[in-house]
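Peer 1: Pasting a structure here, questions to come.
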Amino acid sequence: MTNKMAKNKPTKQHAVPQCYLREWVDPNTPTEQEPYVWIFNRNERKGRKKAPSNIFTETDLFTLKLKTGEKNYSIEETLSRLEGRYASIFRTKIKNHIPLSEEEHIILCAFVGAMLQRTQRHKDSIENFHDQLIERVESMEQAHKAEPKESKRLKESKVNAHKLSIFQTLPHITEILAQMNLAFLCAEGGTKFITSDDPCNLFNPDLQWQKFYSPGLAQKNVQVTVPLSPNIKLCLSWSNLRGYIRFEKDRVEDSNRLMRAQCYQYFVSHSPKTQRIWFRRYPMDFFFILKILKHKVIAVIDILKFKIRHVKKR
Amino acid sequence: MSKKDDLQSAISLLQQGKRKEAAAQLLSLEAKITDKGLRIQLIDLLLSALDPVDECERLIILSSEGAKIANDYGRKDYQAHFMSRKAEFLMTKISFLQYRQSNLKLSPEWFEFSTEADKNEFNELTAKIDLIEKEIEELLQESLQLAEESGNKTALGRVLMERASIESSRYLHYKAKFLHNNFRAKLWLKFDFLRNPFFEQLIIYPRKHAKRLQSFINAFTSNFLRAAKIFEELDDPTAGYAYHNLAIHLKSSYAFRAAKKYFRKAKKIAEKYDDPLLKSKVNELEISINAKNQDIPDYVNGEKRPRNE
């Protein structure tokens with residue numbers, strides 16, 4: 001009985017949900033094979049076939065380790081329920097371009113909120129932050145010859161930090177996302193969206209010329225985008241972009257360019273073919289290139305000014 | 001100072017073009033004046049002093065009250081005046097509702113609502129707009145009839161001016177609604193000459209819509225000219241305001257040559273009667289016509305332009 005229960009435990013957990021990745025299954029998969037998607041390393045144009053069940057997984061990624069040594073799967077189970085409800089909404093409503101009810105809208109936002117935080121990138125970022133903190137606390141403890149109490153406490157909290165953070169912040173993130181305007185961008189002209197190991201992106205065009213600030217949900221021009229399938233991409237924003245909207249071929253490819261550039265390690269496509277534009281650093285737009293040049297020139301002038309001032313002071 | 005004196009001082013503030021001060025003084029009197037004879041005067045002044053964008057709802061209520069008091073007194077001319085003003089304020093309300101409605105499906109490539117909430121809001125707004133449009137039409141017809149029955153030509157002239165400005169708003173709403181096509185909108189934005197009514201109706205709009213647009217232009221022009229003629233016959237400087245308003249609306253429809261023609265008439269009348277308010281308005285209009293609609297205020301994002309404050 002205990003063995004059977006242990007077998008049923010969801011230990012293999014997905015950073016990017018399987019139900020989500022299944023949308024990118026290659027339509028040309030032979031019937032005798034398990035359906036697969038094409039996964040690419042960030043900077044490579046050659047992909048590998050993999051079943052959605054076998055990618056972006058980690059054992060006990062969301063399993064809580066209790067002080068008693070027991071494992072608790074409530075986060076994974078809750079995420080699974082959320083994924084199930086999302087999958088049904090996607091299948092019955094979004095795929096058929098039908099408006100969402102209030103409840104479905106909130107579930108979609110909760111799913112996106114979870115997607116923002118459940119990824120490997122987010123986990124690594126939280127753990128790196130803890131590591132830095134622990135390192136500093138340890139050096140302070142050593143300098144003051146104090147007992148390593150605080151560093152020990154931090155090490156313990158690091159174990160569940162990522163897992164707990166998902167549910168600590170999810171209600172707030174969902175609330176904000178639900179207030180944003182919802183648009184579904186529908187790919188046209190036979191082009192398809194790609195996805196990645198970190199599919200949910202925050203982008204603020206106002207911040208693209210600087211490196212100090214990061215995009216945040218409360219910013220006026222921020223956009224939260226997640227490709228939901230090769231045909232549909234979700235876009236949440238504070239602007240008046242709402243509804244199901246036809247998205248031109250060029251814009252789909254440009255959004256794929258951003259998706260590939262912003263992925264953590266891998267990107268996923270429904271086909272083995274890649275486009276050259278996905279690997280370009282800048283979009284193919286004359287006016288945008290002019291803007292880049294303008295900002296580069298300004299940056300060089302600022303550096304020169306700083307150097308001249310520095311030399312004068314010396 | 002008595003309430004009558006307070007009203008008189010508000011009138012002089014308005015005549016000096018100090019709307020803000022006049023509005024503040026009138027609002028402080030609003031709760032105090034209950035006598036119907038004075039209240040109707042107060043309401044009429046408030047309708048001129050308050051900001052039609054910020055105080056739209058209040059103005060609708062006030063103009064309804066004004067029409068009711070006028071009816072109680074059996075003054076058909078006043079009743080017609082307040083009813084036509086109410087129609088004008090309701091039109092402003094429609095502009096806001098239409099703006100909200102167009103935001104729900106703003107993208108030219110839009111083809112379906114993303115949420116039921118948006119869809120329901122859109123339908124509710126449509127129903128609301130239709131209802132207000134119906135009310136406006138009824139108010140305009142009734143006010144015109146009352147003004148004609150009253151035999152008061154000034155009232156008739158004012159009703160015609162309100163009617164004309166409503167037709168002009170309808171023209172702008174219709175134009176915005178059918179310019180919701182990516183390619184045509186791009187052409188319209190890119191080439192200045194295409195905004196001239198002649199080319200606009202020839203190239204940008206399909207024949208059916210072009211005809212409808214022209215009918216709106218004809219309607220507001222004829223109403224303003226009829227009003228101006230009435231005031232000229234009465235030797236009333238309001239004729240200048242009728243020409244001034246016509247020039248503004250023609251300018252909005254990019255008919256700059258026609259706008260200049262009526263601007264000159266308004267200027268002539270302002271000089272003839274030495275009306276300081278009309279003179280300042282005419283000066284502003286000249287600048288505005290010369291700017292060729294390149295200086296349209298962004299009211300939606302909260303931009304404010306001084307209204308003779």
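Starting from 1 in every chain, residues are counted up; chains themselves are A, B, ... following the order of the structure tokens, and ligands are numbered from 1 as listed.
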If DSSP is run on the backbone, what residues of region 166-219 of chain A are strand (DSSP E or B)? A reply as a ChimeraX atom specification would be ideal.
Peer 2: /A:181-187,195-196,201-203
Peer 1: Using only C-alpha atoms, which protein or nucleic acid residues come within 6 Å of region 223-238 of chain A? Drop anything in the same chain fewer than 2 positions from it, and give the result as a PyMOL selection string.
Peer 2: chain A and resi 23+180-187+192-193+199-203
Peer 1: As an mmCIF file with C-alpha atoms, in the first residue's frame, please: the residues near Glu55 (chain B) (cut-off 12 Å, only C-alpha atoms, same-chain neighbours under 6 positions excluded).
Peer 2:
data_model
loop_
_atom_site.group_PDB
_atom_site.id
_atom_site.type_symbol
_atom_site.label_atom_id
_atom_site.label_comp_id
_atom_site.auth_asym_id
_atom_site.auth_seq_id
_atom_site.Cartn_x
_atom_site.Cartn_y
_atom_site.Cartn_z
ATOM 1 C CA ALA B 23 -18.341 79.646 -12.224
ATOM 2 C CA LEU B 27 -21.727 77.578 -7.745
ATOM 3 C CA LEU B 46 -24.035 78.247 -15.057
ATOM 4 C CA LEU B 47 -24.608 76.654 -18.463
ATOM 5 C CA SER B 48 -22.265 79.254 -19.946
ATOM 6 C CA ALA B 49 -19.723 79.276 -17.116
ATOM 7 C CA ILE B 61 -29.225 68.104 -14.721
ATOM 8 C CA LEU B 62 -29.183 71.915 -14.647
ATOM 9 C CA PHE B 89 -24.520 68.415 -23.281
ATOM 10 C CA LEU B 90 -25.939 64.981 -23.998
ATOM 11 C CA THR B 92 -20.756 65.672 -25.138
ATOM 12 C CA LYS B 93 -21.698 62.687 -22.990
#
Peer 1: Counting only C-alpha atoms, which residue out of B:Ser253, B:Gln15, B:Asn293, B:Asn103 sits closest to chain A?
Peer 2: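 Of B:Ser253, B:Gln15, B:Asn293, B:Asn103, the one nearest chain A is B:Asn103, counting only C-alpha atoms.
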Peer 1: Hey, list the chain B side of the contact with chain A: 6 Å cut-off, only C-alpha atoms, answer as a PyMOL selection string.
Peer 2: chain B and resi 103+109-116
Peer 1: Just write the chosen residues, N, CA, C and O atoms, as a compact mmCIF listing (two decimals), in the first residue's frame.
Peer 2:
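Output file again11.txt follows:
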# COMPACT_ATOMS: atom_id res chain seq x y z
N ASN B 103 -12.41 52.22 -27.55
CA ASN B 103 -11.24 51.62 -26.90
C ASN B 103 -11.39 50.12 -26.69
O ASN B 103 -10.41 49.41 -26.53
N GLU B 109 -7.01 45.41 -36.42
CA GLU B 109 -7.04 43.98 -36.73
C GLU B 109 -7.91 43.20 -35.75
O GLU B 109 -7.88 41.97 -35.72
N TRP B 110 -8.65 43.93 -34.92
CA TRP B 110 -9.52 43.29 -33.92
C TRP B 110 -10.61 42.48 -34.62
O TRP B 110 -11.16 42.91 -35.62
N PHE B 111 -10.94 41.30 -34.08
CA PHE B 111 -12.07 40.58 -34.67
C PHE B 111 -13.01 39.95 -33.64
O PHE B 111 -14.08 39.47 -34.00
N GLU B 112 -12.63 39.94 -32.37
CA GLU B 112 -13.54 39.42 -31.35
C GLU B 112 -13.13 39.94 -29.98
O GLU B 112 -11.96 40.28 -29.77
N PHE B 113 -14.09 40.01 -29.06
CA PHE B 113 -13.77 40.45 -27.69
C PHE B 113 -13.01 39.34 -26.97
O PHE B 113 -13.27 38.16 -27.19
N SER B 114 -12.10 39.76 -26.08
CA SER B 114 -11.36 38.74 -25.34
C SER B 114 -12.10 38.29 -24.09
O SER B 114 -11.92 37.19 -23.62
N THR B 115 -12.94 39.18 -23.54
CA THR B 115 -13.69 38.78 -22.34
C THR B 115 -15.18 39.11 -22.52
O THR B 115 -15.53 40.04 -23.26
N GLU B 116 -15.98 38.37 -21.79
CA GLU B 116 -17.43 38.64 -21.83
C GLU B 116 -17.71 40.00 -21.24
O GLU B 116 -18.65 40.68 -21.64
Peer 1: What lies within 12 Å of Phe193 (chain B) using only C-alpha atoms, ignoring chain neighbours under 6 positions off, as a ChimeraX atom specification?
Peer 2: /B:187,199-204,254-256,292
Peer 1: As a VMD selection string, please: the residues near Leu172 (chain B) (cut-off 9 Å, only C-alpha atoms, same-chain neighbours under 3 positions excluded).
Peer 2: chain B and resid 167 to 169 175 to 177 213 252 to 253
Peer 1: If we count only C-alpha atoms and set the cut-off at 9 Å, which residues sit around Ala178 (chain A), ignoring sequence neighbours fewer than 5 positions away in its own chain? Please answer as a list of chain:residue names.
Peer 2: A:His105, A:Ile106, A:Leu108, A:Cys109, A:Ala110, A:Ile173, A:Leu236
Peer 1: Those residues you just picked out, can you put them in a file as a tab-separated table (two decimals), in the first residue's frame with N, CA and C atoms?
Peer 2:
chain	number	residue	atom	x	y	z
A	105	HIS	N	-11.22	34.32	-16.98
A	105	HIS	CA	-10.20	35.37	-17.09
A	105	HIS	C	-9.26	35.32	-15.89
A	106	ILE	N	-9.83	35.14	-14.71
A	106	ILE	CA	-9.00	35.10	-13.49
A	106	ILE	C	-8.12	33.84	-13.48
A	108	LEU	N	-7.01	32.28	-16.06
A	108	LEU	CA	-5.95	32.52	-17.05
A	108	LEU	C	-4.85	33.40	-16.42
A	109	CYS	N	-5.26	34.44	-15.70
A	109	CYS	CA	-4.28	35.33	-15.07
A	109	CYS	C	-3.49	34.59	-14.00
A	110	ALA	N	-4.16	33.71	-13.24
A	110	ALA	CA	-3.46	32.93	-12.22
A	110	ALA	C	-2.43	32.01	-12.88
A	173	ILE	N	-0.13	38.97	-7.80
A	173	ILE	CA	0.18	39.05	-9.24
A	173	ILE	C	-1.10	38.81	-10.06
A	236	LEU	N	-0.90	41.01	-22.12
A	236	LEU	CA	-1.58	41.80	-21.09
A	236	LEU	C	-0.87	43.14	-21.00
Peer 1: Apply DSSP to the backbone of this structure and, from region 167-258 of chain A, keep only the residues in alpha helix (DSSP H); write these as a ChimeraX atom specification.
Peer 2: /A:167-179,249-258
Peer 1: Mind writing the picked residues with C-alpha atoms as a PDB file, in the first residue's frame?
Peer 2:
ATOM      1  CA  PHE A 167       2.093  30.945  -3.693  1.00  0.00           C
ATOM      2  CA  GLN A 168       3.064  33.875  -1.534  1.00  0.00           C
ATOM      3  CA  THR A 169       2.915  36.290  -4.439  1.00  0.00           C
ATOM      4  CA  LEU A 170       0.461  34.547  -6.779  1.00  0.00           C
ATOM      5  CA  PRO A 171      -2.730  36.205  -5.418  1.00  0.00           C
ATOM      6  CA  HIS A 172      -1.214  39.694  -5.774  1.00  0.00           C
ATOM      7  CA  ILE A 173       0.182  39.048  -9.243  1.00  0.00           C
ATOM      8  CA  THR A 174      -3.120  37.519 -10.372  1.00  0.00           C
ATOM      9  CA  GLU A 175      -4.997  40.543  -9.059  1.00  0.00           C
ATOM     10  CA  ILE A 176      -2.759  42.921 -11.009  1.00  0.00           C
ATOM     11  CA  LEU A 177      -2.856  40.830 -14.179  1.00  0.00           C
ATOM     12  CA  ALA A 178      -6.656  40.645 -14.016  1.00  0.00           C
ATOM     13  CA  GLN A 179      -6.817  44.437 -14.018  1.00  0.00           C
ATOM     14  CA  LYS A 249       3.522  37.548 -40.316  1.00  0.00           C
ATOM     15  CA  ASP A 250       6.405  40.007 -39.759  1.00  0.00           C
ATOM     16  CA  ARG A 251       5.246  40.842 -36.275  1.00  0.00           C
ATOM     17  CA  VAL A 252       4.942  37.155 -35.379  1.00  0.00           C
ATOM     18  CA  GLU A 253       8.531  36.576 -36.493  1.00  0.00           C
ATOM     19  CA  ASP A 254       9.713  39.615 -34.581  1.00  0.00           C
ATOM     20  CA  SER A 255       7.982  38.407 -31.448  1.00  0.00           C
ATOM     21  CA  ASN A 256       9.712  35.046 -31.991  1.00  0.00           C
ATOM     22  CA  ARG A 257      12.998  36.942 -32.195  1.00  0.00           C
ATOM     23  CA  LEU A 258      12.292  38.429 -28.772  1.00  0.00           C
TER      24      LEU A 258
END
Peer 1: Select, from A:Arg42, A:Arg118, A:Lys158, A:Arg22, the residue with the minimum atom-to-atom distance to Gln132 (chain A), counting only C-alpha atoms.
Peer 2: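 Closest to Gln132 (chain A) of all the choices is A:Lys158.
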Peer 1: Give me the residues within 9 Å of Lys155 (chain A) as an mmCIF file with N, CA and C atoms, in the first residue's frame, counting only C-alpha atoms and dropping any in the same chain fewer than 3 places off.
Peer 2:
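Output file around.cif is given in full below:
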data_model
loop_
_atom_site.group_PDB
_atom_site.id
_atom_site.type_symbol
_atom_site.label_atom_id
_atom_site.label_comp_id
_atom_site.auth_asym_id
_atom_site.auth_seq_id
_atom_site.Cartn_x
_atom_site.Cartn_y
_atom_site.Cartn_z
ATOM 1 N N HIS A 130 19.762 34.161 -2.495
ATOM 2 C CA HIS A 130 19.985 33.553 -1.174
ATOM 3 C C HIS A 130 21.456 33.229 -0.964
ATOM 4 N N ASP A 131 22.093 32.695 -2.014
ATOM 5 C CA ASP A 131 23.521 32.329 -1.896
ATOM 6 C C ASP A 131 24.367 33.552 -1.568
ATOM 7 N N ILE A 134 23.680 34.528 1.998
ATOM 8 C CA ILE A 134 24.305 33.586 2.935
ATOM 9 C C ILE A 134 25.815 33.859 3.010
ATOM 10 N N GLU A 150 22.388 32.744 11.968
ATOM 11 C CA GLU A 150 21.630 33.408 10.915
ATOM 12 C C GLU A 150 21.882 32.744 9.552
ATOM 13 N N SER A 151 23.162 32.408 9.310
ATOM 14 C CA SER A 151 23.472 31.772 8.022
ATOM 15 C C SER A 151 22.782 30.415 7.924
ATOM 16 N N LYS A 152 22.680 29.742 9.052
ATOM 17 C CA LYS A 152 22.012 28.433 9.068
ATOM 18 C C LYS A 152 20.517 28.600 8.768
ATOM 19 N N LYS A 158 16.340 28.804 2.246
ATOM 20 C CA LYS A 158 16.623 28.710 0.806
ATOM 21 C C LYS A 158 15.981 27.453 0.195
ATOM 22 N N VAL A 159 15.918 26.382 0.987
ATOM 23 C CA VAL A 159 15.421 25.097 0.475
ATOM 24 C C VAL A 159 14.019 25.259 -0.138
#
Peer 1: With distances taken over only C-alpha atoms, which residue among B:Thr238, B:Gln25, B:Ser288, B:Gln98 lies nearest Ala270 (chain B)?
Peer 2: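 Nearest candidate to Ala270 (chain B) out of B:Thr238, B:Gln25, B:Ser288, B:Gln98: B:Thr238.
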Peer 1: Taking into account only C-alpha atoms, which residue in the set B:Leu38, B:Ala259, B:Leu146, B:Ile166 is nearest to Asn71 (chain B)?
Peer 2: B:Leu146
Peer 1: So what do you get for CA of Leu164 (chain A) versus CA of Thr119 (chain A), distance-wise?
Peer 2: 13.4 Å
Peer 1: Tell me which of A:Phe40, A:Met259, A:Ser157, A:Leu21 sits closest to Arg281 (chain A), counting only C-alpha atoms.
Peer 2: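 When distances to Arg281 (chain A) are compared using only C-alpha atoms, the smallest one comes from A:Met259.
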